[in-house]
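Trainee: First the structure, which I've put down as structure tokens, then a few questions once you've had a look.
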Amino acid sequence: MYTTYKGYFNDGRFISPEPITIPDNIEVYITIIGNELLPVKTRAEKQNEALKRLSAGLSAIDDEPFDEKFDEVINKRFNIGRKLDL
């Protein structure tokens with residue numbers, strides 16, 4: 001038996017304007033009407049894009065000088081290697 005329900009996917013969940021209950025482990029077919037699906041990116045592709053954005057962001061601030069407050073914080077830092085005689 002085939003039954004059709006109209007609805008939308010939102011955050012990976014099927015949202016229907018009419019209340020329905022679909023039992024677990026039931027075979028379903030999904031037909032996408034009118035819109036093109038976006039390609040699914042692998043974890044490696046997402047990580048590669050994130051690294052490219054990070055690199056671009058770091059390159060953008062590379063020429064920016066640090067202010068006096070930064071030097072003050074660096075000078076006051078605690079370096080455990082200097083305080084302990086290992």
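Just remember, in the structure tokens the first chain shown is A, the second B, etc., residues are 1-based per chain, and ligands are 1-based in the order shown.
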Name all residues at most 10 Å from region 17-27 of chain A (count only C-alpha atoms; drop same-chain ones fewer than 3 positions away) and give them as a PyMOL selection string.
Mentor: chain A and resi 5-8
Trainee: Write out as number ranges by chain all residues of region 14-46 of chain A that backbone DSSP assigns to helix (DSSP H, G or I).
Mentor: A: 43-46
Trainee: Using the selection just defined, write its residues with N, CA and C atoms as a PDB file, in the first residue's frame.
Mentor:
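Ended up saving to again04.pdb:
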ATOM      1  N   ARG A  43      33.377  14.922   5.519  1.00  0.00           N
ATOM      2  CA  ARG A  43      34.021  15.562   6.667  1.00  0.00           C
ATOM      3  C   ARG A  43      35.358  16.189   6.249  1.00  0.00           C
ATOM      4  N   ALA A  44      36.103  15.476   5.405  1.00  0.00           N
ATOM      5  CA  ALA A  44      37.393  15.991   4.937  1.00  0.00           C
ATOM      6  C   ALA A  44      37.211  17.278   4.128  1.00  0.00           C
ATOM      7  N   GLU A  45      36.169  17.335   3.293  1.00  0.00           N
ATOM      8  CA  GLU A  45      35.919  18.545   2.505  1.00  0.00           C
ATOM      9  C   GLU A  45      35.551  19.727   3.413  1.00  0.00           C
ATOM     10  N   LYS A  46      34.728  19.452   4.444  1.00  0.00           N
ATOM     11  CA  LYS A  46      34.359  20.516   5.390  1.00  0.00           C
ATOM     12  C   LYS A  46      35.587  21.014   6.152  1.00  0.00           C
TER      13      LYS A  46
END
Trainee: Between CA of Arg13 (chain A) and CA of Thr31 (chain A), measure the distance and give it in Å to one decimal.
Mentor: 14.7 Å
Trainee: In Å, how far is it from CA of Ser16 (chain A) to CA of Ile33 (chain A)?
Mentor: 15.0 Å
Trainee: For Tyr29 (chain A), which residue among A:Lys41, A:Thr4, A:Ala56, A:Ala50 is the nearest when counting only C-alpha atoms?
Mentor: A:Thr4
Trainee: Report the residues of chain A whose backbone DSSP state falls under strand (DSSP E or B), written as a PDB file with all heavy atoms, in the first residue's frame.
Mentor:
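Generated file (part11.pdb):
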ATOM      1  N   TYR A   8       7.699  18.972   4.575  1.00  0.00           N
ATOM      2  CA  TYR A   8       9.001  19.571   4.326  1.00  0.00           C
ATOM      3  C   TYR A   8      10.022  18.963   5.281  1.00  0.00           C
ATOM      4  O   TYR A   8       9.673  18.511   6.360  1.00  0.00           O
ATOM      5  CB  TYR A   8       8.946  21.085   4.548  1.00  0.00           C
ATOM      6  CG  TYR A   8       7.886  21.746   3.716  1.00  0.00           C
ATOM      7  CD1 TYR A   8       6.589  21.930   4.187  1.00  0.00           C
ATOM      8  CD2 TYR A   8       8.173  22.162   2.422  1.00  0.00           C
ATOM      9  CE1 TYR A   8       5.617  22.517   3.414  1.00  0.00           C
ATOM     10  CE2 TYR A   8       7.199  22.750   1.635  1.00  0.00           C
ATOM     11  CZ  TYR A   8       5.924  22.926   2.137  1.00  0.00           C
ATOM     12  OH  TYR A   8       4.964  23.497   1.354  1.00  0.00           O
ATOM     13  N   PHE A   9      11.272  18.986   4.867  1.00  0.00           N
ATOM     14  CA  PHE A   9      12.344  18.592   5.757  1.00  0.00           C
ATOM     15  C   PHE A   9      12.950  19.853   6.364  1.00  0.00           C
ATOM     16  O   PHE A   9      13.217  20.824   5.670  1.00  0.00           O
ATOM     17  CB  PHE A   9      13.432  17.797   5.012  1.00  0.00           C
ATOM     18  CG  PHE A   9      13.151  16.333   4.996  1.00  0.00           C
ATOM     19  CD1 PHE A   9      12.422  15.764   3.973  1.00  0.00           C
ATOM     20  CD2 PHE A   9      13.607  15.523   6.028  1.00  0.00           C
ATOM     21  CE1 PHE A   9      12.147  14.416   3.966  1.00  0.00           C
ATOM     22  CE2 PHE A   9      13.344  14.165   6.022  1.00  0.00           C
ATOM     23  CZ  PHE A   9      12.609  13.610   4.997  1.00  0.00           C
ATOM     24  N   ASN A  10      13.133  19.824   7.679  1.00  0.00           N
ATOM     25  CA  ASN A  10      13.743  20.935   8.392  1.00  0.00           C
ATOM     26  C   ASN A  10      14.698  20.337   9.419  1.00  0.00           C
ATOM     27  O   ASN A  10      14.275  19.585  10.301  1.00  0.00           O
ATOM     28  CB  ASN A  10      12.658  21.782   9.077  1.00  0.00           C
ATOM     29  CG  ASN A  10      13.202  23.070   9.633  1.00  0.00           C
ATOM     30  OD1 ASN A  10      14.392  23.335   9.551  1.00  0.00           O
ATOM     31  ND2 ASN A  10      12.331  23.872  10.190  1.00  0.00           N
ATOM     32  N   ARG A  13      14.466  16.581   9.760  1.00  0.00           N
ATOM     33  CA  ARG A  13      13.204  16.000  10.216  1.00  0.00           C
ATOM     34  C   ARG A  13      12.095  16.322   9.239  1.00  0.00           C
ATOM     35  O   ARG A  13      12.028  17.425   8.708  1.00  0.00           O
ATOM     36  CB  ARG A  13      12.824  16.541  11.585  1.00  0.00           C
ATOM     37  CG  ARG A  13      13.817  16.176  12.646  1.00  0.00           C
ATOM     38  CD  ARG A  13      13.384  16.701  13.970  1.00  0.00           C
ATOM     39  NE  ARG A  13      13.717  15.678  14.943  1.00  0.00           N
ATOM     40  CZ  ARG A  13      13.242  15.630  16.146  1.00  0.00           C
ATOM     41  NH1 ARG A  13      12.406  16.532  16.566  1.00  0.00           N
ATOM     42  NH2 ARG A  13      13.603  14.678  16.965  1.00  0.00           N
ATOM     43  N   PHE A  14      11.193  15.373   9.045  1.00  0.00           N
ATOM     44  CA  PHE A  14      10.051  15.579   8.177  1.00  0.00           C
ATOM     45  C   PHE A  14       8.973  16.340   8.952  1.00  0.00           C
ATOM     46  O   PHE A  14       8.551  15.922  10.024  1.00  0.00           O
ATOM     47  CB  PHE A  14       9.502  14.236   7.688  1.00  0.00           C
ATOM     48  CG  PHE A  14       8.315  14.370   6.796  1.00  0.00           C
ATOM     49  CD1 PHE A  14       8.462  14.807   5.489  1.00  0.00           C
ATOM     50  CD2 PHE A  14       7.041  14.076   7.253  1.00  0.00           C
ATOM     51  CE1 PHE A  14       7.367  14.927   4.651  1.00  0.00           C
ATOM     52  CE2 PHE A  14       5.943  14.191   6.425  1.00  0.00           C
ATOM     53  CZ  PHE A  14       6.108  14.622   5.125  1.00  0.00           C
ATOM     54  N   ILE A  15       8.558  17.470   8.422  1.00  0.00           N
ATOM     55  CA  ILE A  15       7.532  18.299   9.052  1.00  0.00           C
ATOM     56  C   ILE A  15       6.304  18.282   8.148  1.00  0.00           C
ATOM     57  O   ILE A  15       6.373  18.663   6.983  1.00  0.00           O
ATOM     58  CB  ILE A  15       8.013  19.763   9.234  1.00  0.00           C
ATOM     59  CG1 ILE A  15       9.373  19.803   9.946  1.00  0.00           C
ATOM     60  CG2 ILE A  15       6.965  20.595   9.942  1.00  0.00           C
ATOM     61  CD1 ILE A  15       9.374  19.256  11.331  1.00  0.00           C
TER      62      ILE A  15
END
